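Text of input31.pdb (PDB, C-alpha atoms and all ligand atoms) as supplied:
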MODEL        1
ATOM      1  CA  MET V 998      27.194 -16.318  15.333
ATOM      2  CA  ALA V 999      24.674 -15.128  17.934
ATOM      3  CA  THR V1000      21.990 -17.626  18.959
ATOM      4  CA  ARG V1001      18.356 -17.116  18.051
ATOM      5  CA  VAL V1002      15.797 -16.061  20.648
ATOM      6  CA  VAL V1003      12.086 -16.754  20.870
ATOM      7  CA  TYR V1004       9.348 -14.464  22.144
ATOM      8  CA  PHE V1005       7.641 -16.597  24.797
ATOM      9  CA  ASN V1006       4.774 -15.063  26.771
ATOM     10  CA  GLY V1007       6.369 -11.632  26.943
ATOM     11  CA  GLU V1008       9.969 -12.735  27.452
ATOM     12  CA  PHE V1009      12.781 -13.429  25.035
ATOM     13  CA  ILE V1010      14.417 -16.784  25.720
ATOM     14  CA  PRO V1011      16.989 -18.896  23.842
ATOM     15  CA  GLU V1012      15.359 -20.971  21.115
ATOM     16  CA  LEU V1013      16.380 -24.289  22.671
ATOM     17  CA  GLU V1014      14.670 -23.370  25.933
ATOM     18  CA  ALA V1015      11.280 -22.632  24.324
ATOM     19  CA  ARG V1016       9.141 -25.611  25.330
ATOM     20  CA  ILE V1017       5.430 -26.383  25.561
ATOM     21  CA  SER V1018       4.320 -28.600  28.443
ATOM     22  CA  ILE V1019       3.036 -32.127  27.797
ATOM     23  CA  PHE V1020      -0.019 -30.990  29.778
ATOM     24  CA  ASP V1021      -0.836 -28.223  27.305
ATOM     25  CA  SER V1022      -4.159 -28.453  25.513
ATOM     26  CA  ALA V1023      -2.200 -28.168  22.245
ATOM     27  CA  LEU V1024      -0.687 -31.604  22.866
ATOM     28  CA  MET V1025      -3.881 -33.063  24.270
ATOM     29  CA  PHE V1026      -6.252 -31.867  21.528
ATOM     30  CA  GLY V1027      -4.172 -30.249  18.769
ATOM     31  CA  ASP V1028      -5.933 -27.292  20.361
ATOM     32  CA  MET V1029      -3.990 -24.279  19.092
ATOM     33  CA  VAL V1030      -3.730 -21.867  16.209
ATOM     34  CA  PHE V1031      -0.718 -20.569  14.363
ATOM     35  CA  GLU V1032       0.648 -18.502  11.511
ATOM     36  CA  ALA V1033       3.640 -18.793   9.225
ATOM     37  CA  THR V1034       4.839 -15.540   7.652
ATOM     38  CA  ARG V1035       8.059 -14.993   5.735
ATOM     39  CA  THR V1036      10.460 -12.151   5.129
ATOM     40  CA  PHE V1037      11.863 -10.846   1.879
ATOM     41  CA  ASN V1038      15.069  -8.881   2.417
ATOM     42  CA  GLN V1039      14.401  -9.377   6.122
ATOM     43  CA  LYS V1040      11.136  -7.410   5.969
ATOM     44  CA  PRO V1041       7.980  -9.384   6.851
ATOM     45  CA  PHE V1042       5.694  -9.953   3.864
ATOM     46  CA  ARG V1043       2.033  -9.007   4.496
ATOM     47  CA  LEU V1044       2.487  -9.376   8.254
ATOM     48  CA  ARG V1045      -0.753  -7.562   9.078
ATOM     49  CA  GLU V1046      -2.706  -9.890   6.792
ATOM     50  CA  HIS V1047      -1.188 -12.910   8.560
ATOM     51  CA  LEU V1048      -1.989 -11.391  11.959
ATOM     52  CA  ASP V1049      -5.564 -10.630  10.900
ATOM     53  CA  ARG V1050      -5.899 -14.327  10.042
ATOM     54  CA  LEU V1051      -4.261 -15.324  13.345
ATOM     55  CA  TYR V1052      -6.791 -13.241  15.278
ATOM     56  CA  ALA V1053      -9.648 -14.691  13.199
ATOM     57  CA  SER V1054      -8.306 -18.180  14.007
ATOM     58  CA  MET V1055      -8.180 -17.297  17.715
ATOM     59  CA  ARG V1056     -11.779 -16.042  17.615
ATOM     60  CA  TYR V1057     -12.783 -19.304  15.902
ATOM     61  CA  ALA V1058     -10.990 -21.363  18.560
ATOM     62  CA  GLU V1059     -12.185 -19.099  21.387
ATOM     63  CA  ILE V1060      -8.669 -18.412  22.611
ATOM     64  CA  ASP V1061      -7.902 -14.988  24.076
ATOM     65  CA  CYS V1062      -4.141 -14.658  24.001
ATOM     66  CA  GLY V1063      -4.175 -11.427  26.036
ATOM     67  CA  LEU V1064      -2.401  -9.320  23.394
ATOM     68  CA  THR V1065      -3.967  -6.848  21.010
ATOM     69  CA  ILE V1066      -3.103  -7.252  17.348
ATOM     70  CA  ASP V1067      -0.914  -4.130  17.568
ATOM     71  CA  GLN V1068       0.974  -5.618  20.522
ATOM     72  CA  MET V1069       1.402  -8.863  18.558
ATOM     73  CA  GLU V1070       2.764  -6.884  15.621
ATOM     74  CA  ASP V1071       5.212  -5.025  17.866
ATOM     75  CA  ALA V1072       6.336  -8.294  19.486
ATOM     76  CA  THR V1073       6.863  -9.794  16.017
ATOM     77  CA  CYS V1074       8.964  -6.870  14.814
ATOM     78  CA  GLU V1075      10.995  -6.991  18.024
ATOM     79  CA  THR V1076      11.562 -10.737  17.567
ATOM     80  CA  ILE V1077      12.939 -10.152  14.075
ATOM     81  CA  GLU V1078      15.031  -7.219  15.267
ATOM     82  CA  ARG V1079      16.567  -9.129  18.184
ATOM     83  CA  ASN V1080      17.421 -12.052  15.928
ATOM     84  CA  LEU V1081      19.052 -10.045  13.135
ATOM     85  CA  PRO V1082      22.618 -10.689  14.443
ATOM     86  CA  ALA V1083      21.907 -14.452  14.304
ATOM     87  CA  LEU V1084      20.438 -14.515  10.810
ATOM     88  CA  GLY V1085      23.460 -13.729   8.666
ATOM     89  CA  GLY V1086      21.326 -11.760   6.182
ATOM     90  CA  LEU V1087      19.049 -14.723   5.436
ATOM     91  CA  ASP V1088      15.303 -14.531   5.014
ATOM     92  CA  VAL V1089      13.234 -16.307   7.637
ATOM     93  CA  GLN V1090       9.968 -18.006   8.398
ATOM     94  CA  ILE V1091       8.218 -16.270  11.288
ATOM     95  CA  MET V1092       6.030 -18.651  13.314
ATOM     96  CA  HIS V1093       3.293 -17.479  15.629
ATOM     97  CA  ASP V1094       2.029 -20.280  17.860
ATOM     98  CA  VAL V1095      -0.854 -19.701  20.273
ATOM     99  CA  THR V1096      -1.989 -22.529  22.534
ATOM    100  CA  ARG V1097      -4.936 -22.518  24.922
ATOM    101  CA  GLY V1098      -2.496 -23.396  27.709
ATOM    102  CA  ALA V1099      -2.338 -26.298  30.125
ATOM    103  CA  LEU V1100      -5.509 -28.156  31.025
ATOM    104  CA  PRO V1101      -6.901 -27.118  34.446
ATOM    105  CA  LEU V1102      -6.661 -30.804  35.490
ATOM    106  CA  TYR V1103      -2.906 -30.290  35.703
ATOM    107  CA  ALA V1104      -2.867 -26.959  37.569
ATOM    108  CA  GLY V1105       0.054 -26.961  39.952
ATOM    109  CA  ILE V1106       2.371 -29.148  37.901
ATOM    110  CA  VAL V1107       2.769 -26.766  34.985
ATOM    111  CA  ARG V1108       5.421 -24.106  35.464
ATOM    112  CA  GLU V1109       3.770 -21.699  32.994
ATOM    113  CA  GLY V1110       0.372 -21.828  34.712
ATOM    114  CA  LEU V1111      -2.887 -22.251  32.817
ATOM    115  CA  ALA V1112      -2.909 -19.142  30.639
ATOM    116  CA  PRO V1113      -2.577 -19.327  26.847
ATOM    117  CA  ILE V1114       0.962 -19.453  25.509
ATOM    118  CA  VAL V1115       2.095 -17.132  22.735
ATOM    119  CA  SER V1116       5.376 -17.844  21.072
ATOM    120  CA  ILE V1117       7.007 -16.171  18.089
ATOM    121  CA  ASN V1118      10.096 -17.621  16.526
ATOM    122  CA  VAL V1119      12.135 -17.086  13.382
ATOM    123  CA  VAL V1120      14.038 -19.746  11.447
ATOM    124  CA  PRO V1121      16.049 -19.086   8.266
ATOM    125  CA  LEU V1122      14.250 -20.470   5.212
ATOM    126  CA  VAL V1123      17.363 -22.413   4.148
ATOM    127  CA  ARG V1124      15.738 -25.843   4.363
ATOM    128  CA  HIS V1125      12.139 -24.783   3.729
ATOM    129  CA  THR V1126      12.764 -23.183   0.357
ATOM    130  CA  GLY V1127      16.098 -24.869  -0.377
ATOM    131  CA  SER V1128      14.437 -28.281  -0.482
ATOM    132  CA  LEU V1129      12.033 -27.009  -3.165
ATOM    133  CA  ALA V1130      14.559 -25.156  -5.331
ATOM    134  CA  GLN V1131      14.512 -27.674  -8.199
ATOM    135  CA  LYS V1132      10.757 -27.443  -8.468
ATOM    136  CA  TYR V1133      10.776 -23.855  -9.773
ATOM    137  CA  GLU V1134      12.140 -25.223 -13.076
ATOM    138  CA  LYS V1135      11.130 -28.877 -13.068
ATOM    139  CA  GLY V1136       7.732 -28.338 -11.477
ATOM    140  CA  ALA V1137       5.916 -30.399  -8.889
ATOM    141  CA  HIS V1138       3.937 -33.617  -9.302
ATOM    142  CA  LEU V1139       0.604 -33.347  -7.493
ATOM    143  CA  VAL V1140      -1.548 -36.384  -6.787
ATOM    144  CA  ILE V1141      -5.100 -36.509  -5.485
ATOM    145  CA  THR V1142      -4.972 -38.423  -2.205
ATOM    146  CA  PRO V1143      -7.541 -40.823  -0.748
ATOM    147  CA  GLN V1144      -7.414 -38.594   2.346
ATOM    148  CA  GLN V1145      -9.897 -35.800   1.706
ATOM    149  CA  SER V1146     -10.317 -32.334   3.182
ATOM    150  CA  VAL V1147     -12.315 -31.932   6.362
ATOM    151  CA  PRO V1148     -15.468 -29.953   5.516
ATOM    152  CA  ALA V1149     -15.677 -26.527   7.105
ATOM    153  CA  ARG V1150     -18.803 -27.558   9.001
ATOM    154  CA  TYR V1151     -16.681 -30.028  11.036
ATOM    155  CA  ILE V1152     -13.400 -28.171  11.572
ATOM    156  CA  ASP V1153     -13.079 -25.013   9.523
ATOM    157  CA  PRO V1154      -9.791 -25.031   7.577
ATOM    158  CA  LYS V1155     -10.049 -21.234   7.206
ATOM    159  CA  ALA V1156      -8.863 -21.108  10.825
ATOM    160  CA  LYS V1157      -5.180 -22.018  10.773
ATOM    161  CA  ASN V1158      -5.296 -24.624  13.497
ATOM    162  CA  ARG V1159      -3.111 -27.566  14.471
ATOM    163  CA  SER V1160      -5.855 -30.215  14.414
ATOM    164  CA  ARG V1161      -4.415 -31.180  11.065
ATOM    165  CA  ILE V1162      -3.401 -34.810  11.081
ATOM    166  CA  TYR V1163      -5.391 -35.217   7.866
ATOM    167  CA  TYR V1164      -2.902 -33.031   5.990
ATOM    168  CA  LYS V1165      -0.058 -35.218   7.279
ATOM    169  CA  LEU V1166      -1.850 -38.400   6.246
ATOM    170  CA  ALA V1167      -2.386 -36.947   2.766
ATOM    171  CA  GLU V1168       1.367 -36.227   2.532
ATOM    172  CA  LEU V1169       2.231 -39.789   3.550
ATOM    173  CA  GLN V1170      -0.188 -41.172   0.970
ATOM    174  CA  ALA V1171       1.222 -38.946  -1.787
ATOM    175  CA  ALA V1172       4.781 -40.002  -0.972
ATOM    176  CA  ARG V1173       3.733 -43.647  -1.164
ATOM    177  CA  MET V1174       2.211 -43.102  -4.604
ATOM    178  CA  GLU V1175       5.500 -41.622  -5.834
ATOM    179  CA  PRO V1176       8.447 -40.412  -3.739
ATOM    180  CA  GLY V1177       8.520 -36.614  -3.991
ATOM    181  CA  ALA V1178       4.898 -36.302  -5.130
ATOM    182  CA  MET V1179       2.883 -33.635  -3.302
ATOM    183  CA  ALA V1180      -0.625 -34.154  -1.935
ATOM    184  CA  LEU V1181      -3.678 -32.476  -3.415
ATOM    185  CA  LEU V1182      -6.861 -32.867  -1.403
ATOM    186  CA  SER V1183     -10.445 -32.834  -2.594
ATOM    187  CA  ASP V1184     -13.850 -32.459  -0.980
ATOM    188  CA  GLU V1185     -16.677 -34.939  -0.572
ATOM    189  CA  ARG V1186     -17.945 -34.132  -4.098
ATOM    190  CA  GLY V1187     -14.530 -34.683  -5.638
ATOM    191  CA  PHE V1188     -13.748 -31.000  -6.237
ATOM    192  CA  ILE V1189     -10.146 -30.010  -5.587
ATOM    193  CA  THR V1190      -9.626 -28.029  -2.383
ATOM    194  CA  GLU V1191      -5.947 -27.386  -1.557
ATOM    195  CA  GLY V1192      -2.540 -28.927  -0.993
ATOM    196  CA  SER V1193      -1.410 -30.049   2.459
ATOM    197  CA  GLY V1194       0.330 -26.681   2.841
ATOM    198  CA  SER V1195      -0.581 -24.711  -0.261
ATOM    199  CA  ASN V1196      -3.389 -23.344  -2.433
ATOM    200  CA  PHE V1197      -3.992 -24.507  -5.968
ATOM    201  CA  PHE V1198      -4.441 -22.731  -9.318
ATOM    202  CA  ILE V1199      -4.904 -23.746 -12.945
ATOM    203  CA  ALA V1200      -4.829 -21.638 -16.091
ATOM    204  CA  CYS V1201      -7.045 -22.549 -19.007
ATOM    205  CA  HIS V1202      -7.513 -20.554 -22.239
ATOM    206  CA  GLY V1203      -6.000 -17.441 -20.658
ATOM    207  CA  GLU V1204      -8.152 -17.578 -17.527
ATOM    208  CA  ILE V1205      -6.920 -18.455 -14.028
ATOM    209  CA  LEU V1206      -9.111 -20.661 -11.848
ATOM    210  CA  THR V1207      -8.684 -21.439  -8.164
ATOM    211  CA  PRO V1208     -10.912 -23.459  -5.796
ATOM    212  CA  ARG V1209     -13.707 -21.599  -4.056
ATOM    213  CA  PRO V1210     -12.654 -20.244  -0.629
ATOM    214  CA  ASN V1211     -14.858 -22.577   1.431
ATOM    215  CA  ASP V1212     -13.140 -25.780   2.536
ATOM    216  CA  ILE V1213      -9.620 -24.327   2.333
ATOM    217  CA  LEU V1214      -7.198 -22.140   4.196
ATOM    218  CA  ARG V1215      -7.503 -18.757   2.489
ATOM    219  CA  GLY V1216      -3.809 -18.373   1.859
ATOM    220  CA  VAL V1217      -2.088 -15.015   2.070
ATOM    221  CA  SER V1218      -0.001 -16.094  -0.937
ATOM    222  CA  ARG V1219      -3.206 -17.083  -2.759
ATOM    223  CA  HIS V1220      -4.441 -13.551  -2.185
ATOM    224  CA  ALA V1221      -1.107 -12.042  -3.301
ATOM    225  CA  CYS V1222      -1.196 -14.171  -6.465
ATOM    226  CA  ILE V1223      -4.770 -13.093  -7.279
ATOM    227  CA  GLU V1224      -3.799  -9.431  -6.811
ATOM    228  CA  LEU V1225      -0.720  -9.794  -9.021
ATOM    229  CA  ALA V1226      -2.810 -11.533 -11.677
ATOM    230  CA  GLY V1227      -5.171  -8.529 -11.590
ATOM    231  CA  GLU V1228      -2.255  -6.160 -12.063
ATOM    232  CA  LEU V1229      -1.031  -8.194 -15.047
ATOM    233  CA  GLY V1230      -4.520  -8.212 -16.564
ATOM    234  CA  PHE V1231      -5.066 -11.969 -16.126
ATOM    235  CA  PRO V1232      -8.691 -12.823 -15.351
ATOM    236  CA  VAL V1233      -9.138 -14.911 -12.166
ATOM    237  CA  ARG V1234     -12.204 -16.883 -11.121
ATOM    238  CA  GLU V1235     -12.991 -18.984  -8.041
ATOM    239  CA  ALA V1236     -14.589 -22.199  -9.251
ATOM    240  CA  ASP V1237     -15.338 -25.854  -8.612
ATOM    241  CA  ILE V1238     -12.331 -27.603 -10.153
ATOM    242  CA  GLU V1239     -12.423 -31.295 -10.986
ATOM    243  CA  PRO V1240      -9.419 -33.519 -11.769
ATOM    244  CA  TYR V1241     -10.724 -33.494 -15.361
ATOM    245  CA  ASP V1242     -10.164 -29.713 -15.529
ATOM    246  CA  VAL V1243      -6.547 -30.066 -14.413
ATOM    247  CA  ARG V1244      -5.875 -32.594 -17.148
ATOM    248  CA  GLU V1245      -7.282 -30.118 -19.663
ATOM    249  CA  ALA V1246      -5.468 -27.077 -18.212
ATOM    250  CA  ASP V1247      -2.576 -25.283 -19.919
ATOM    251  CA  GLU V1248      -0.819 -24.602 -16.619
ATOM    252  CA  ALA V1249      -1.127 -25.210 -12.908
ATOM    253  CA  TRP V1250       0.708 -23.971  -9.828
ATOM    254  CA  ILE V1251       0.539 -23.858  -6.045
ATOM    255  CA  THR V1252       1.100 -20.940  -3.694
ATOM    256  CA  SER V1253       2.376 -20.896  -0.118
ATOM    257  CA  THR V1254       4.347 -18.636   2.164
ATOM    258  CA  PRO V1255       7.753 -20.402   2.153
ATOM    259  CA  PHE V1256       8.008 -20.662  -1.654
ATOM    260  CA  SER V1257       5.470 -18.126  -3.028
ATOM    261  CA  MET V1258       4.652 -20.070  -6.240
ATOM    262  CA  ILE V1259       5.731 -23.425  -7.636
ATOM    263  CA  PRO V1260       4.588 -24.721 -11.022
ATOM    264  CA  VAL V1261       2.723 -28.019 -11.225
ATOM    265  CA  THR V1262       3.952 -29.836 -14.311
ATOM    266  CA  ARG V1263       2.476 -33.272 -13.552
ATOM    267  CA  PHE V1264      -0.876 -34.178 -12.126
ATOM    268  CA  ASN V1265      -1.935 -37.724 -11.243
ATOM    269  CA  PHE V1266       0.992 -39.129 -13.281
ATOM    270  CA  GLN V1267       0.158 -37.136 -16.437
ATOM    271  CA  ALA V1268       1.759 -33.945 -17.819
ATOM    272  CA  VAL V1269      -0.029 -30.650 -17.237
ATOM    273  CA  GLY V1270      -0.070 -28.678 -20.517
ATOM    274  CA  ASP V1271       3.273 -29.237 -22.247
ATOM    275  CA  GLY V1272       4.790 -30.491 -18.978
ATOM    276  CA  LYS V1273       6.829 -27.295 -18.407
ATOM    277  CA  PRO V1274       6.246 -24.242 -16.207
ATOM    278  CA  GLY V1275       3.834 -22.047 -18.159
ATOM    279  CA  SER V1276       4.096 -18.419 -19.260
ATOM    280  CA  MET V1277       1.432 -17.081 -16.878
ATOM    281  CA  TYR V1278       3.197 -18.782 -13.988
ATOM    282  CA  ARG V1279       6.521 -17.267 -15.062
ATOM    283  CA  ARG V1280       5.114 -13.774 -15.425
ATOM    284  CA  LEU V1281       3.441 -13.968 -12.026
ATOM    285  CA  LEU V1282       6.569 -15.223 -10.268
ATOM    286  CA  THR V1283       8.657 -12.493 -11.900
ATOM    287  CA  ALA V1284       6.112  -9.848 -10.879
ATOM    288  CA  TRP V1285       6.142 -11.211  -7.322
ATOM    289  CA  GLY V1286       9.933 -11.115  -7.175
ATOM    290  CA  ASP V1287       9.971  -7.549  -8.576
ATOM    291  CA  ALA V1288       7.446  -6.458  -5.951
ATOM    292  CA  VAL V1289       9.556  -7.764  -3.048
ATOM    293  CA  GLY V1290      13.012  -7.153  -4.522
ATOM    294  CA  VAL V1291      14.104 -10.812  -4.451
ATOM    295  CA  ASP V1292      14.666 -13.273  -7.294
ATOM    296  CA  ILE V1293      12.583 -15.948  -5.572
ATOM    297  CA  ALA V1294      13.769 -19.006  -7.539
ATOM    298  CA  ALA V1295      17.423 -17.873  -7.421
ATOM    299  CA  GLN V1296      17.180 -17.413  -3.655
ATOM    300  CA  ALA V1297      15.804 -20.949  -3.307
ATOM    301  CA  ARG V1298      18.778 -22.300  -5.299
ATOM    302  CA  GLU V1299      21.162 -20.329  -3.094
ATOM    303  CA  TYR V1300      19.475 -21.798  -0.006
ATOM    304  CA  GLU V1301      19.606 -25.290  -1.524
ATOM    305  CA  ALA V1302      23.390 -24.952  -1.767
ATOM    306  CA  LEU V1303      23.591 -23.602   1.796
ATOM    307  CA  ALA V1304      21.408 -26.437   3.094
ATOM    308  CA  THR V1305      24.077 -29.047   2.356
ATOM    309  CA  THR V1306      26.140 -27.756   5.285
ATOM    310  CA  TRP V1307      23.366 -26.142   7.308
ATOM    311  CA  LYS V1308      23.283 -27.213  10.942
ATOM    312  CA  SER V1309      20.441 -25.221  12.482
TER
HETATM  313  C1  LIG V1401      -3.475 -26.193   4.377
HETATM  314  C2  LIG V1401      -2.833 -24.971   3.827
HETATM  315  N1  LIG V1401      -3.371 -24.384   2.751
HETATM  316  C3  LIG V1401      -2.802 -23.270   2.210
HETATM  317  C4  LIG V1401      -1.634 -22.720   2.730
HETATM  318  C5  LIG V1401      -1.035 -21.486   2.121
HETATM  319  O1  LIG V1401      -1.259 -20.365   2.952
HETATM  320  P1  LIG V1401      -0.302 -19.130   2.950
HETATM  321  O2  LIG V1401      -0.228 -18.652   1.544
HETATM  322  O3  LIG V1401      -0.970 -18.133   3.843
HETATM  323  O4  LIG V1401       1.025 -19.568   3.436
HETATM  324  C6  LIG V1401      -1.055 -23.298   3.857
HETATM  325  C7  LIG V1401       0.170 -22.747   4.440
HETATM  326  O5  LIG V1401       0.783 -23.314   5.288
HETATM  327  C8  LIG V1401      -1.676 -24.446   4.432
HETATM  328  O6  LIG V1401      -1.165 -25.035   5.520
ENDMDL
END
Re-express the file's structure as structure tokens.
Ligand SMILES: Cc1ncc(COP(=O)(O)O)c(C=O)c1O
Amino acid sequence: MATRVVYFNGEFIPELEARISIFDSALMFGDMVFEATRTFNQKPFRLREHLDRLYASMRYAEIDCGLTIDQMEDATCETIERNLPALGGLDVQIMHDVTRGALPLYAGIVREGLAPIVSINVVPLVRHTGSLAQKYEKGAHLVITPQQSVPARYIDPKAKNRSRIYYKLAELQAARMEPGAMALLSDERGFITEGSGSNFFIACHGEILTPRPNDILRGVSRHACIELAGELGFPVREADIEPYDVREADEAWITSTPFSMIPVTRFNFQAVGDGKPGSMYRRLLTAWGDAVGVDIAAQAREYEALATTWKS
């Protein structure tokens, strides 16, 4: 099969050759922004919404990548197009990475110069969604971690930036509480914010609640889920959600680009509702799949099987 290529500052280069210098501000400070988009049937899902967020993140970080949003969109579509022969019909994660570039201190020893670096790459979702396939039926176990969210007044999580060691620490803590458990972060007041890579929802007495959009990344999947809920006639409200509310909820789920929606059937070692994926969750996932023409859970199971022999 053909090898994948990466858009790298205006050129297309083999994936293995795409490298960021150790002198880049991204390595020095976690000083970069990014986006993760996915395809369904090899068509990007809500690409413009992801790019709008990428440009908002760049404005937040004061990085001018030198491309207009239309040029970024064209470069993204070209990256997908050029990689089609290497994808074998699989859906992919599309990553946009924008670094500030090398620190001026190191001018002269960085081949790429000091300008920001823009890279766009695609990787089949085989491992990303395959590793979660069982959770569509069994559900996830979410635990509140000692590691809390960073308040927006310090580093704003609405900007999708890589200064995110706190999400990693939360994941490590969750895994120590129970292997396979997923992290759920909270704010200084104890209200739930988001997962380490997902947004959170509960359903209670026919109403859907999701954390207020302040100390969280405003997920594109969160938005898609809220819109689908509207179409299905489910009321949705942004609210302060306490662990107590999750224990009392009928259902819970998380949303994120690689997997769309996964039900949460356990929370802090207790069952959520009857401990099974709920009916609102199921109707939303079905509606999502119908909208994009992919059976999302079935695709994850297919990718799980593929992942056992997957090399790249
Ligand atoms: C911290 C965090 N919250 C939420 C999300 C979900 O965002 P999206 O639906 O745009 O993928 C992500 C995605 O990676 C994330 O990293």
Please return as an mmCIF file with C-alpha atoms, keeping the file's coordinate frame the residues found within 7 Å of ligand LIG 1401 (chain V), counting only C-alpha atoms and all ligand atoms.
data_model
loop_
_atom_site.group_PDB
_atom_site.id
_atom_site.type_symbol
_atom_site.label_atom_id
_atom_site.label_comp_id
_atom_site.auth_asym_id
_atom_site.auth_seq_id
_atom_site.Cartn_x
_atom_site.Cartn_y
_atom_site.Cartn_z
ATOM 1 C CA ALA V 1033 3.640 -18.793 9.225
ATOM 2 C CA THR V 1034 4.839 -15.540 7.652
ATOM 3 C CA GLU V 1191 -5.947 -27.386 -1.557
ATOM 4 C CA GLY V 1192 -2.540 -28.927 -0.993
ATOM 5 C CA SER V 1193 -1.410 -30.049 2.459
ATOM 6 C CA GLY V 1194 0.330 -26.681 2.841
ATOM 7 C CA SER V 1195 -0.581 -24.711 -0.261
ATOM 8 C CA ASN V 1196 -3.389 -23.344 -2.433
ATOM 9 C CA ILE V 1213 -9.620 -24.327 2.333
ATOM 10 C CA LEU V 1214 -7.198 -22.140 4.196
ATOM 11 C CA ARG V 1215 -7.503 -18.757 2.489
ATOM 12 C CA GLY V 1216 -3.809 -18.373 1.859
ATOM 13 C CA VAL V 1217 -2.088 -15.015 2.070
ATOM 14 C CA SER V 1218 -0.001 -16.094 -0.937
ATOM 15 C CA ARG V 1219 -3.206 -17.083 -2.759
ATOM 16 C CA THR V 1252 1.100 -20.940 -3.694
ATOM 17 C CA SER V 1253 2.376 -20.896 -0.118
ATOM 18 C CA THR V 1254 4.347 -18.636 2.164
ATOM 19 C CA PRO V 1255 7.753 -20.402 2.153
#
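Shortest atom-to-atom contact with Phe1198 (chain V) among V:Ile1251, V:Met1025, V:Ala1288, V:Met1258: V:Ile1251, counting only C-alpha atoms.
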Pull out every residue that the PyMOL selection byres (((chain V and resi 1165-1176) around 10) and not hetatm) matches in the shown coordinates and put them as an MDAnalysis selection string. chainID V and resid 1138:1146 1161:1164 1177:1182 1192:1194 1265:1266
Could you tell me, as a count of residues only, exactly which residues end up selected when the PyMOL selection byres (((chain V and resi 1243) around 12) and not hetatm) is applied to this structure? 38
Across V:Pro1148, V:Gly1136, V:Gly1085, V:Gly1007, the smallest distance to Ser1116 (chain V), with only C-alpha atoms counted, is shown by V:Gly1007
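Take the PyMOL selection byres (((chain V and resi 1093) around 8) and not hetatm) and apply it to this file: it picks V:Phe1031, V:Glu1032, V:Ala1033, V:Ile1091, V:Met1092, V:Asp1094, V:Val1095, V:Val1115, V:Ser1116, V:Ile1117, V:Asn1118.
With distances restricted to only C-alpha atoms, V:Phe1009 is the closest residue to Ala1072 (chain V) from V:Asp1153, V:Glu1134, V:Phe1009, V:Thr1305.
Put simply, CA of His1202 (chain V) is 22.9 Å away from CA of Gly1187 (chain V).
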May I have the residues within 10 Å of Tyr1057 (chain V) as a list in words, using only C-alpha atoms and disregarding those fewer than 5 positions away in the same chain? Val1030, Leu1051, Tyr1052, Ile1152, Asp1153, Lys1155, Ala1156, Lys1157 and Asn1158 of chain V
Expected answer as a PDB file with C-alpha atoms, in the frame of the given file: all residues with atoms within 9 Å of (12.3, -19.4, -7.9), all atoms listed in the file:
ATOM      1  CA  LEU V1129      12.033 -27.009  -3.165  1.00  0.00           C
ATOM      2  CA  ALA V1130      14.559 -25.156  -5.331  1.00  0.00           C
ATOM      3  CA  GLN V1131      14.512 -27.674  -8.199  1.00  0.00           C
ATOM      4  CA  LYS V1132      10.757 -27.443  -8.468  1.00  0.00           C
ATOM      5  CA  TYR V1133      10.776 -23.855  -9.773  1.00  0.00           C
ATOM      6  CA  GLU V1134      12.140 -25.223 -13.076  1.00  0.00           C
ATOM      7  CA  PHE V1256       8.008 -20.662  -1.654  1.00  0.00           C
ATOM      8  CA  SER V1257       5.470 -18.126  -3.028  1.00  0.00           C
ATOM      9  CA  MET V1258       4.652 -20.070  -6.240  1.00  0.00           C
ATOM     10  CA  ILE V1259       5.731 -23.425  -7.636  1.00  0.00           C
ATOM     11  CA  LEU V1282       6.569 -15.223 -10.268  1.00  0.00           C
ATOM     12  CA  THR V1283       8.657 -12.493 -11.900  1.00  0.00           C
ATOM     13  CA  GLY V1286       9.933 -11.115  -7.175  1.00  0.00           C
ATOM     14  CA  ASP V1292      14.666 -13.273  -7.294  1.00  0.00           C
ATOM     15  CA  ILE V1293      12.583 -15.948  -5.572  1.00  0.00           C
ATOM     16  CA  ALA V1294      13.769 -19.006  -7.539  1.00  0.00           C
ATOM     17  CA  ALA V1295      17.423 -17.873  -7.421  1.00  0.00           C
ATOM     18  CA  GLN V1296      17.180 -17.413  -3.655  1.00  0.00           C
ATOM     19  CA  ALA V1297      15.804 -20.949  -3.307  1.00  0.00           C
ATOM     20  CA  ARG V1298      18.778 -22.300  -5.299  1.00  0.00           C
TER      21      ARG V1298
END
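Computed from the coordinates, the CA of Glu1046 (chain V) to CA of Cys1074 (chain V) distance equals 14.5 Å.
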